[in-house]
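S.K.: Provided herewith: work_9.pdb, PDB, C-alpha atoms.
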```pdb
MODEL        1
ATOM      1  CA  MET K   1     -11.899  25.712  43.598  1.00  0.00           C
ATOM      2  CA  THR K   2     -14.417  28.506  43.126  1.00  0.00           C
ATOM      3  CA  SER K   3     -15.605  30.829  45.835  1.00  0.00           C
ATOM      4  CA  THR K   4     -18.955  28.964  45.681  1.00  0.00           C
ATOM      5  CA  THR K   5     -17.122  25.737  46.513  1.00  0.00           C
ATOM      6  CA  GLU K   6     -15.269  27.433  49.360  1.00  0.00           C
ATOM      7  CA  GLN K   7     -18.548  28.810  50.695  1.00  0.00           C
ATOM      8  CA  LEU K   8     -20.098  25.345  50.565  1.00  0.00           C
ATOM      9  CA  ASP K   9     -17.153  23.957  52.564  1.00  0.00           C
ATOM     10  CA  THR K  10     -17.572  26.735  55.118  1.00  0.00           C
ATOM     11  CA  ASP K  11     -21.309  26.091  55.410  1.00  0.00           C
ATOM     12  CA  LEU K  12     -20.781  22.363  55.781  1.00  0.00           C
ATOM     13  CA  LEU K  13     -18.140  22.905  58.460  1.00  0.00           C
ATOM     14  CA  ARG K  14     -20.492  25.175  60.369  1.00  0.00           C
ATOM     15  CA  GLN K  15     -23.144  22.452  60.242  1.00  0.00           C
ATOM     16  CA  VAL K  16     -20.587  19.831  61.324  1.00  0.00           C
ATOM     17  CA  HIS K  17     -19.701  21.854  64.397  1.00  0.00           C
ATOM     18  CA  ALA K  18     -23.428  22.210  65.092  1.00  0.00           C
ATOM     19  CA  GLY K  19     -23.609  18.426  65.303  1.00  0.00           C
ATOM     20  CA  GLN K  20     -25.155  17.569  61.928  1.00  0.00           C
ATOM     21  CA  ALA K  21     -23.760  14.161  60.957  1.00  0.00           C
ATOM     22  CA  GLU K  22     -24.971  14.381  57.358  1.00  0.00           C
ATOM     23  CA  ALA K  23     -22.895  17.538  56.866  1.00  0.00           C
ATOM     24  CA  PHE K  24     -19.760  15.683  57.930  1.00  0.00           C
ATOM     25  CA  THR K  25     -20.613  12.870  55.504  1.00  0.00           C
ATOM     26  CA  ALA K  26     -20.986  15.392  52.675  1.00  0.00           C
ATOM     27  CA  LEU K  27     -17.710  17.102  53.587  1.00  0.00           C
ATOM     28  CA  TYR K  28     -15.926  13.761  53.799  1.00  0.00           C
ATOM     29  CA  ARG K  29     -17.206  12.689  50.381  1.00  0.00           C
ATOM     30  CA  ARG K  30     -16.047  15.971  48.845  1.00  0.00           C
ATOM     31  CA  HIS K  31     -12.453  15.767  50.098  1.00  0.00           C
ATOM     32  CA  GLN K  32     -11.642  12.158  51.002  1.00  0.00           C
ATOM     33  CA  GLY K  33     -10.683  11.051  47.463  1.00  0.00           C
ATOM     34  CA  PRO K  34      -8.047  13.704  46.657  1.00  0.00           C
ATOM     35  CA  LEU K  35      -6.673  13.551  50.205  1.00  0.00           C
ATOM     36  CA  TYR K  36      -6.349   9.764  50.119  1.00  0.00           C
ATOM     37  CA  ARG K  37      -4.663   9.796  46.701  1.00  0.00           C
ATOM     38  CA  TYR K  38      -2.174  12.403  47.889  1.00  0.00           C
ATOM     39  CA  ALA K  39      -1.439  10.446  51.087  1.00  0.00           C
ATOM     40  CA  LEU K  40      -1.108   7.171  49.164  1.00  0.00           C
ATOM     41  CA  LEU K  41       1.417   8.575  46.709  1.00  0.00           C
ATOM     42  CA  ARG K  42       3.196  10.431  49.496  1.00  0.00           C
ATOM     43  CA  CYS K  43       3.518   7.391  51.783  1.00  0.00           C
ATOM     44  CA  GLY K  44       3.372   4.474  49.352  1.00  0.00           C
ATOM     45  CA  SER K  45       1.096   2.531  51.696  1.00  0.00           C
ATOM     46  CA  GLY K  46      -2.679   2.180  51.540  1.00  0.00           C
ATOM     47  CA  ASP K  47      -2.902   1.543  55.278  1.00  0.00           C
ATOM     48  CA  ALA K  48      -0.824   4.614  56.125  1.00  0.00           C
ATOM     49  CA  ALA K  49      -2.854   6.737  53.701  1.00  0.00           C
ATOM     50  CA  ALA K  50      -6.131   5.582  55.265  1.00  0.00           C
ATOM     51  CA  ASP K  51      -4.785   6.379  58.754  1.00  0.00           C
ATOM     52  CA  ILE K  52      -3.734   9.858  57.639  1.00  0.00           C
ATOM     53  CA  VAL K  53      -7.138  10.570  56.107  1.00  0.00           C
ATOM     54  CA  GLN K  54      -8.895   9.348  59.250  1.00  0.00           C
ATOM     55  CA  GLU K  55      -6.710  11.442  61.536  1.00  0.00           C
ATOM     56  CA  ALA K  56      -7.133  14.549  59.385  1.00  0.00           C
ATOM     57  CA  PHE K  57     -10.921  14.272  59.311  1.00  0.00           C
ATOM     58  CA  MET K  58     -11.159  13.459  63.010  1.00  0.00           C
ATOM     59  CA  GLY K  59      -9.128  16.585  63.729  1.00  0.00           C
ATOM     60  CA  LEU K  60     -11.488  18.551  61.510  1.00  0.00           C
ATOM     61  CA  LEU K  61     -14.557  17.037  63.179  1.00  0.00           C
ATOM     62  CA  THR K  62     -13.386  17.812  66.699  1.00  0.00           C
ATOM     63  CA  GLY K  63     -12.095  21.271  65.789  1.00  0.00           C
ATOM     64  CA  ARG K  64      -8.649  20.280  67.072  1.00  0.00           C
ATOM     65  CA  LEU K  65      -6.986  21.355  63.835  1.00  0.00           C
ATOM     66  CA  GLY K  66      -8.289  24.911  64.090  1.00  0.00           C
ATOM     67  CA  TYR K  67      -9.079  25.429  60.402  1.00  0.00           C
ATOM     68  CA  ASP K  68      -9.744  29.083  59.525  1.00  0.00           C
ATOM     69  CA  PRO K  69     -11.596  29.622  56.192  1.00  0.00           C
ATOM     70  CA  LEU K  70     -10.106  33.106  55.945  1.00  0.00           C
ATOM     71  CA  ARG K  71      -6.615  31.624  55.633  1.00  0.00           C
ATOM     72  CA  GLY K  72      -7.232  29.413  52.605  1.00  0.00           C
ATOM     73  CA  GLN K  73      -9.208  26.613  51.011  1.00  0.00           C
ATOM     74  CA  LEU K  74     -10.149  23.580  53.068  1.00  0.00           C
ATOM     75  CA  GLN K  75      -8.640  21.119  50.571  1.00  0.00           C
ATOM     76  CA  HIS K  76      -5.263  22.858  50.705  1.00  0.00           C
ATOM     77  CA  PHE K  77      -5.453  22.935  54.496  1.00  0.00           C
ATOM     78  CA  LEU K  78      -6.131  19.181  54.531  1.00  0.00           C
ATOM     79  CA  PHE K  79      -3.189  18.570  52.193  1.00  0.00           C
ATOM     80  CA  GLY K  80      -1.014  20.476  54.665  1.00  0.00           C
ATOM     81  CA  VAL K  81      -2.299  18.372  57.570  1.00  0.00           C
ATOM     82  CA  ALA K  82      -1.692  15.162  55.603  1.00  0.00           C
ATOM     83  CA  ARG K  83       1.822  16.320  54.738  1.00  0.00           C
ATOM     84  CA  LYS K  84       2.649  16.918  58.415  1.00  0.00           C
ATOM     85  CA  LEU K  85       1.281  13.506  59.370  1.00  0.00           C
ATOM     86  CA  ALA K  86       3.328  11.915  56.565  1.00  0.00           C
ATOM     87  CA  LEU K  87       6.464  13.670  57.817  1.00  0.00           C
ATOM     88  CA  LYS K  88       5.836  12.165  61.265  1.00  0.00           C
ATOM     89  CA  LEU K  89       5.585   8.731  59.644  1.00  0.00           C
ATOM     90  CA  ASP K  90       8.850   9.392  57.778  1.00  0.00           C
ATOM     91  CA  GLU K  91      10.572  10.189  61.081  1.00  0.00           C
ATOM     92  CA  ALA K  92       9.140   7.076  62.734  1.00  0.00           C
ATOM     93  CA  HIS K  93      10.324   4.881  59.842  1.00  0.00           C
ATOM     94  CA  GLN K  94      13.808   6.366  60.040  1.00  0.00           C
ATOM     95  CA  ARG K  95      13.952   5.467  63.734  1.00  0.00           C
ATOM     96  CA  HIS K  96      12.411   2.035  63.196  1.00  0.00           C
ATOM     97  CA  PRO K  97      13.122   0.816  59.643  1.00  0.00           C
ATOM     98  CA  ARG K  98      10.857  -1.935  58.385  1.00  0.00           C
ATOM     99  CA  LEU K  99      10.726  -4.235  55.386  1.00  0.00           C
ATOM    100  CA  PRO K 100       8.748  -2.953  52.392  1.00  0.00           C
ATOM    101  CA  GLU K 101       5.132  -4.040  52.264  1.00  0.00           C
ATOM    102  CA  PRO K 102       4.348  -6.889  49.830  1.00  0.00           C
ATOM    103  CA  LEU K 103       2.473  -5.833  46.708  1.00  0.00           C
ATOM    104  CA  ASP K 104      -1.119  -7.048  46.617  1.00  0.00           C
ATOM    105  CA  ASP K 105      -2.951  -6.778  43.304  1.00  0.00           C
ATOM    106  CA  GLU K 106      -6.215  -7.761  44.987  1.00  0.00           C
ATOM    107  CA  GLY K 107      -6.334  -4.876  47.437  1.00  0.00           C
ATOM    108  CA  GLU K 108      -4.537  -2.292  45.331  1.00  0.00           C
ATOM    109  CA  PRO K 109      -6.260   1.143  45.486  1.00  0.00           C
ATOM    110  CA  ASP K 110      -7.753   2.492  42.267  1.00  0.00           C
ATOM    111  CA  LEU K 111      -5.777   5.491  41.037  1.00  0.00           C
ATOM    112  CA  ASP K 112      -7.321   5.598  37.566  1.00  0.00           C
ATOM    113  CA  ALA K 113      -9.120   8.797  38.514  1.00  0.00           C
ATOM    114  CA  ALA K 114      -6.181  10.240  40.425  1.00  0.00           C
ATOM    115  CA  SER K 115      -6.850  13.697  39.045  1.00  0.00           C
ATOM    116  CA  ASP K 116      -8.950  15.743  36.693  1.00  0.00           C
ATOM    117  CA  ALA K 117      -5.683  17.224  35.450  1.00  0.00           C
ATOM    118  CA  ALA K 118      -4.420  15.576  32.294  1.00  0.00           C
ATOM    119  CA  GLY K 119      -0.730  15.941  33.036  1.00  0.00           C
ATOM    120  CA  PRO K 120       1.751  13.261  31.967  1.00  0.00           C
ATOM    121  CA  LEU K 121       2.067  11.884  35.487  1.00  0.00           C
ATOM    122  CA  ALA K 122      -1.713  11.618  35.805  1.00  0.00           C
ATOM    123  CA  ARG K 123      -1.846   9.699  32.520  1.00  0.00           C
ATOM    124  CA  LEU K 124       0.969   7.389  33.618  1.00  0.00           C
ATOM    125  CA  LEU K 125      -0.883   6.600  36.826  1.00  0.00           C
ATOM    126  CA  GLY K 126      -3.932   5.677  34.785  1.00  0.00           C
ATOM    127  CA  ASN K 127      -2.347   2.814  32.859  1.00  0.00           C
ATOM    128  CA  GLU K 128      -0.663  -0.516  33.444  1.00  0.00           C
ATOM    129  CA  VAL K 129       2.601   0.917  34.751  1.00  0.00           C
ATOM    130  CA  ALA K 130       0.880   2.664  37.667  1.00  0.00           C
ATOM    131  CA  GLU K 131       2.635   0.502  40.237  1.00  0.00           C
ATOM    132  CA  GLU K 132       6.090   1.270  38.828  1.00  0.00           C
ATOM    133  CA  VAL K 133       5.308   4.995  38.777  1.00  0.00           C
ATOM    134  CA  ARG K 134       4.094   4.906  42.377  1.00  0.00           C
ATOM    135  CA  ARG K 135       7.269   3.045  43.295  1.00  0.00           C
ATOM    136  CA  ALA K 136       9.417   5.656  41.514  1.00  0.00           C
ATOM    137  CA  LEU K 137       7.542   8.433  43.310  1.00  0.00           C
ATOM    138  CA  SER K 138       8.088   6.721  46.658  1.00  0.00           C
ATOM    139  CA  LEU K 139      11.857   6.804  46.041  1.00  0.00           C
ATOM    140  CA  LEU K 140      11.911  10.587  45.681  1.00  0.00           C
ATOM    141  CA  PRO K 141      12.921  12.521  48.801  1.00  0.00           C
ATOM    142  CA  PRO K 142       9.741  13.761  50.535  1.00  0.00           C
ATOM    143  CA  HIS K 143      10.539  17.433  49.889  1.00  0.00           C
ATOM    144  CA  TYR K 144      10.539  16.672  46.132  1.00  0.00           C
ATOM    145  CA  ARG K 145       7.640  14.224  46.260  1.00  0.00           C
ATOM    146  CA  ASP K 146       5.186  16.714  47.788  1.00  0.00           C
ATOM    147  CA  PRO K 147       5.353  19.403  45.071  1.00  0.00           C
ATOM    148  CA  VAL K 148       5.369  16.830  42.251  1.00  0.00           C
ATOM    149  CA  ILE K 149       2.200  15.158  43.550  1.00  0.00           C
ATOM    150  CA  LEU K 150       0.408  18.406  44.384  1.00  0.00           C
ATOM    151  CA  TYR K 151       1.271  20.069  41.073  1.00  0.00           C
ATOM    152  CA  GLU K 152       0.941  17.148  38.669  1.00  0.00           C
ATOM    153  CA  LEU K 153      -2.011  15.318  40.195  1.00  0.00           C
ATOM    154  CA  HIS K 154      -3.924  17.938  42.138  1.00  0.00           C
ATOM    155  CA  ASP K 155      -3.338  20.947  39.878  1.00  0.00           C
ATOM    156  CA  LEU K 156      -2.250  23.254  42.701  1.00  0.00           C
ATOM    157  CA  SER K 157      -0.450  26.453  41.795  1.00  0.00           C
ATOM    158  CA  TYR K 158       3.074  27.291  42.987  1.00  0.00           C
ATOM    159  CA  GLN K 159       1.564  29.657  45.540  1.00  0.00           C
ATOM    160  CA  GLU K 160      -0.855  27.032  46.836  1.00  0.00           C
ATOM    161  CA  ILE K 161       1.925  24.436  47.103  1.00  0.00           C
ATOM    162  CA  ALA K 162       4.068  26.980  48.942  1.00  0.00           C
ATOM    163  CA  ALA K 163       1.263  27.405  51.489  1.00  0.00           C
ATOM    164  CA  VAL K 164       0.745  23.642  51.905  1.00  0.00           C
ATOM    165  CA  CYS K 165       4.479  22.915  52.251  1.00  0.00           C
ATOM    166  CA  GLN K 166       5.246  26.083  54.222  1.00  0.00           C
ATOM    167  CA  VAL K 167       8.060  27.208  51.934  1.00  0.00           C
ATOM    168  CA  ASP K 168       8.494  30.137  49.540  1.00  0.00           C
ATOM    169  CA  ILE K 169       7.533  30.003  45.859  1.00  0.00           C
ATOM    170  CA  GLY K 170      11.156  29.928  44.703  1.00  0.00           C
ATOM    171  CA  THR K 171      11.707  26.790  46.749  1.00  0.00           C
ATOM    172  CA  VAL K 172       8.587  25.219  45.241  1.00  0.00           C
ATOM    173  CA  ARG K 173       9.851  25.940  41.705  1.00  0.00           C
ATOM    174  CA  SER K 174      13.271  24.502  42.499  1.00  0.00           C
ATOM    175  CA  ARG K 175      11.935  21.379  44.220  1.00  0.00           C
ATOM    176  CA  LEU K 176       9.373  20.761  41.495  1.00  0.00           C
ATOM    177  CA  ALA K 177      12.020  21.023  38.765  1.00  0.00           C
ATOM    178  CA  ARG K 178      14.409  18.727  40.620  1.00  0.00           C
ATOM    179  CA  GLY K 179      11.646  16.308  41.572  1.00  0.00           C
ATOM    180  CA  ARG K 180      10.469  16.062  37.965  1.00  0.00           C
ATOM    181  CA  ALA K 181      14.023  15.520  36.761  1.00  0.00           C
ATOM    182  CA  ALA K 182      14.642  12.802  39.355  1.00  0.00           C
ATOM    183  CA  LEU K 183      11.332  11.117  38.540  1.00  0.00           C
ATOM    184  CA  ALA K 184      12.038  11.270  34.795  1.00  0.00           C
ATOM    185  CA  LYS K 185      15.439   9.667  35.387  1.00  0.00           C
ATOM    186  CA  ARG K 186      13.894   6.837  37.382  1.00  0.00           C
ATOM    187  CA  LEU K 187      11.201   6.310  34.765  1.00  0.00           C
ATOM    188  CA  HIS K 188      13.549   6.526  31.759  1.00  0.00           C
ATOM    189  CA  GLY K 189      14.052   2.775  31.549  1.00  0.00           C
ATOM    190  CA  LEU K 190      10.384   2.177  32.281  1.00  0.00           C
ATOM    191  CA  GLN K 191       9.198   4.396  29.418  1.00  0.00           C
ATOM    192  CA  GLY K 192      11.575   2.679  27.019  1.00  0.00           C
ATOM    193  CA  ALA K 193      10.450  -0.786  28.038  1.00  0.00           C
ATOM    194  CA  PRO K 194       8.244  -2.670  25.567  1.00  0.00           C
ATOM    195  CA  SER K 195       4.624  -3.207  26.548  1.00  0.00           C
ATOM    196  CA  ASN K 196       2.301  -5.866  25.183  1.00  0.00           C
ATOM    197  CA  ASP K 197      -0.860  -4.258  26.507  1.00  0.00           C
ATOM    198  CA  ALA K 198      -0.722  -0.498  26.025  1.00  0.00           C
ATOM    199  CA  HIS K 199       1.478   2.434  25.193  1.00  0.00           C
ATOM    200  CA  LEU K 200       2.258   5.252  27.571  1.00  0.00           C
ATOM    201  CA  ALA K 201      -0.067   8.173  26.958  1.00  0.00           C
TER     202      ALA K 201
ENDMDL
END
```
As structure tokens, how would this structure be written, given the file I've shared?
M.R.:
Amino acid sequence: MTSTTEQLDTDLLRQVHAGQAEAFTALYRRHQGPLYRYALLRCGSGDAAADIVQEAFMGLLTGRLGYDPLRGQLQHFLFGVARKLALKLDEAHQRHPRLPEPLDDEGEPDLDAASDAAGPLARLLGNEVAEEVRRALSLLPPHYRDPVILYELHDLSYQEIAAVCQVDIGTVRSRLARGRAALAKRLHGLQGAPSNDAHLA
């Protein structure tokens, strides 16, 4: 994001806290898409992703989250909030395991525009094997899943991912490398499978 974009976020937030509803709508439209896509890939559930987005924006609206523009970009801050909420869900699921949600082609979220970045993962998510890729991502340990999603789909730098995940850059590099390797291993059979409709990009 450019400094102009950051300034616009700051101005919109100021208007939000002054009670201007249209400013909140504009802010929501700017950041809801990337945040939802991150939360969806992170959690593997559309309902959980929607809840995370709602909670993050409500915290922003009420000022409860205490965002400080001097400490970084709003989008990265929101990714960090979503990550913490996802970690809470992970803990809850470990305490109370549940059956996997049934797949529903009718209500499946559209990830064709998951990112402006043209990385291999982004291209995979844009074709017919998107569901298998999302499933493979969901099987990665969360500490590997976060950097893979943020780097491959949201084009964050190592430093930005370190800030979102609250780890050092060396840890980001290590987790990203291991996460990619684990994902590649899970997708190896998938990439070699014949397809009648399209080829992997």
S.K.: Between K:Pro34, K:Gly44, K:Gly170, K:Gly80, which is the closest to K:Ala56 once you count all atoms listed in the file?
M.R.: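 Closest residue, counting all atoms listed in the file: K:Gly80.
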S.K.: If we count only C-alpha atoms and set the cut-off at 12 Å, which residues sit around K:Arg14, ignoring sequence neighbours fewer than 6 positions away in its own chain? Please answer as a list in words.
M.R.: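 These residues fall inside the cut-off: Gln7, Leu8, Gln20, Ala21, Ala23, Phe24, Leu27, Leu60, Leu61, Gly63, Tyr67, Asp68 and Pro69 of chain K.
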S.K.: Compare K:Glu160, K:Asp168, K:Glu131, K:His154 by their minimum atom-to-atom distance to K:Ser45, counting all atoms listed in the file, and give me the closest one.
M.R.: K:Glu131
S.K.: Go through K:Leu41, K:Leu12, K:Ala49, K:Leu74 one by one, measure the shortest atom-to-atom distance of each to K:Val148 using only C-alpha atoms, and give the residue with the smallest value.
M.R.: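 That would be K:Leu41, the residue with the smallest distance to K:Val148.
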S.K.: Interatomic distance between atom CA of K:Ser157 and atom CA of K:Phe57?
M.R.: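 Answer for the atom CA of K:Ser157 to atom CA of K:Phe57 separation: 23.8 Å.
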S.K.: Which residues fall under the PyMOL selection byres ((chain K and resi 82) around 8) in this file, as a list in words?
M.R.: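 With the shown file as input, the PyMOL selection byres ((chain K and resi 82) around 8) matches Leu35, Ala39, Ile52, Val53, Ala56, Leu78, Phe79, Gly80, Val81, Arg83, Lys84, Leu85 and Ala86 of chain K.
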S.K.: Next, dump the selected residues to file, keeping only C-alpha atoms, as a CSV table (one decimal), keeping the file's coordinate frame.
M.R.:
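Writing the result to again_37.csv gives the following:
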```
chain,number,residue,atom,x,y,z
K,35,LEU,CA,-6.7,13.6,50.2
K,39,ALA,CA,-1.4,10.4,51.1
K,52,ILE,CA,-3.7,9.9,57.6
K,53,VAL,CA,-7.1,10.6,56.1
K,56,ALA,CA,-7.1,14.5,59.4
K,78,LEU,CA,-6.1,19.2,54.5
K,79,PHE,CA,-3.2,18.6,52.2
K,80,GLY,CA,-1.0,20.5,54.7
K,81,VAL,CA,-2.3,18.4,57.6
K,83,ARG,CA,1.8,16.3,54.7
K,84,LYS,CA,2.6,16.9,58.4
K,85,LEU,CA,1.3,13.5,59.4
K,86,ALA,CA,3.3,11.9,56.6
```
S.K.: Missing atoms in stretch 51-73 of chain K: can you complete it with N, CA and C atoms, as a PDB file, in the coordinates of the input?
M.R.:
```
ATOM      1  N   ASP K  51      -4.968   5.838  57.401  1.00  0.00           N
ATOM      2  CA  ASP K  51      -4.785   6.379  58.754  1.00  0.00           C
ATOM      3  C   ASP K  51      -4.657   7.896  58.729  1.00  0.00           C
ATOM      4  N   ILE K  52      -3.917   8.413  57.754  1.00  0.00           N
ATOM      5  CA  ILE K  52      -3.734   9.858  57.639  1.00  0.00           C
ATOM      6  C   ILE K  52      -5.053  10.550  57.361  1.00  0.00           C
ATOM      7  N   VAL K  53      -5.830   9.992  56.432  1.00  0.00           N
ATOM      8  CA  VAL K  53      -7.138  10.570  56.107  1.00  0.00           C
ATOM      9  C   VAL K  53      -8.037  10.574  57.340  1.00  0.00           C
ATOM     10  N   GLN K  54      -8.052   9.448  58.059  1.00  0.00           N
ATOM     11  CA  GLN K  54      -8.895   9.348  59.250  1.00  0.00           C
ATOM     12  C   GLN K  54      -8.484  10.376  60.306  1.00  0.00           C
ATOM     13  N   GLU K  55      -7.181  10.498  60.525  1.00  0.00           N
ATOM     14  CA  GLU K  55      -6.710  11.442  61.536  1.00  0.00           C
ATOM     15  C   GLU K  55      -7.007  12.887  61.137  1.00  0.00           C
ATOM     16  N   ALA K  56      -6.857  13.187  59.859  1.00  0.00           N
ATOM     17  CA  ALA K  56      -7.133  14.549  59.385  1.00  0.00           C
ATOM     18  C   ALA K  56      -8.607  14.899  59.568  1.00  0.00           C
ATOM     19  N   PHE K  57      -9.488  13.982  59.196  1.00  0.00           N
ATOM     20  CA  PHE K  57     -10.921  14.272  59.311  1.00  0.00           C
ATOM     21  C   PHE K  57     -11.395  14.266  60.758  1.00  0.00           C
ATOM     22  N   MET K  58     -10.792  13.429  61.591  1.00  0.00           N
ATOM     23  CA  MET K  58     -11.159  13.459  63.010  1.00  0.00           C
ATOM     24  C   MET K  58     -10.743  14.787  63.629  1.00  0.00           C
ATOM     25  N   GLY K  59      -9.566  15.284  63.241  1.00  0.00           N
ATOM     26  CA  GLY K  59      -9.128  16.585  63.729  1.00  0.00           C
ATOM     27  C   GLY K  59     -10.042  17.696  63.267  1.00  0.00           C
ATOM     28  N   LEU K  60     -10.553  17.567  62.046  1.00  0.00           N
ATOM     29  CA  LEU K  60     -11.488  18.551  61.510  1.00  0.00           C
ATOM     30  C   LEU K  60     -12.821  18.470  62.256  1.00  0.00           C
ATOM     31  N   LEU K  61     -13.286  17.257  62.506  1.00  0.00           N
ATOM     32  CA  LEU K  61     -14.557  17.037  63.179  1.00  0.00           C
ATOM     33  C   LEU K  61     -14.551  17.597  64.602  1.00  0.00           C
ATOM     34  N   THR K  62     -13.464  17.367  65.303  1.00  0.00           N
ATOM     35  CA  THR K  62     -13.386  17.812  66.699  1.00  0.00           C
ATOM     36  C   THR K  62     -12.997  19.282  66.829  1.00  0.00           C
ATOM     37  N   GLY K  63     -12.544  19.883  65.726  1.00  0.00           N
ATOM     38  CA  GLY K  63     -12.095  21.271  65.789  1.00  0.00           C
ATOM     39  C   GLY K  63     -10.669  21.400  66.287  1.00  0.00           C
ATOM     40  N   ARG K  64     -10.011  20.263  66.534  1.00  0.00           N
ATOM     41  CA  ARG K  64      -8.649  20.280  67.072  1.00  0.00           C
ATOM     42  C   ARG K  64      -7.650  20.922  66.116  1.00  0.00           C
ATOM     43  N   LEU K  65      -7.926  20.822  64.815  1.00  0.00           N
ATOM     44  CA  LEU K  65      -6.986  21.355  63.835  1.00  0.00           C
ATOM     45  C   LEU K  65      -7.065  22.875  63.687  1.00  0.00           C
ATOM     46  N   GLY K  66      -8.177  23.460  64.121  1.00  0.00           N
ATOM     47  CA  GLY K  66      -8.289  24.911  64.090  1.00  0.00           C
ATOM     48  C   GLY K  66      -8.283  25.505  62.688  1.00  0.00           C
ATOM     49  N   TYR K  67      -9.016  24.895  61.762  1.00  0.00           N
ATOM     50  CA  TYR K  67      -9.079  25.429  60.402  1.00  0.00           C
ATOM     51  C   TYR K  67      -9.779  26.786  60.381  1.00  0.00           C
ATOM     52  N   ASP K  68      -9.181  27.743  59.680  1.00  0.00           N
ATOM     53  CA  ASP K  68      -9.744  29.083  59.525  1.00  0.00           C
ATOM     54  C   ASP K  68     -10.005  29.341  58.036  1.00  0.00           C
ATOM     55  N   PRO K  69     -11.282  29.419  57.608  1.00  0.00           N
ATOM     56  CA  PRO K  69     -11.596  29.622  56.192  1.00  0.00           C
ATOM     57  C   PRO K  69     -10.980  30.889  55.607  1.00  0.00           C
ATOM     58  N   LEU K  70     -10.683  31.863  56.436  1.00  0.00           N
ATOM     59  CA  LEU K  70     -10.106  33.106  55.945  1.00  0.00           C
ATOM     60  C   LEU K  70      -8.645  32.932  55.525  1.00  0.00           C
ATOM     61  N   ARG K  71      -8.041  31.835  55.923  1.00  0.00           N
ATOM     62  CA  ARG K  71      -6.615  31.624  55.633  1.00  0.00           C
ATOM     63  C   ARG K  71      -6.370  30.700  54.448  1.00  0.00           C
ATOM     64  N   GLY K  72      -7.435  30.252  53.786  1.00  0.00           N
ATOM     65  CA  GLY K  72      -7.232  29.413  52.605  1.00  0.00           C
ATOM     66  C   GLY K  72      -8.294  28.343  52.457  1.00  0.00           C
ATOM     67  N   GLN K  73      -8.227  27.646  51.323  1.00  0.00           N
ATOM     68  CA  GLN K  73      -9.208  26.613  51.011  1.00  0.00           C
ATOM     69  C   GLN K  73      -9.045  25.394  51.912  1.00  0.00           C
TER      70      GLN K  73
END
```
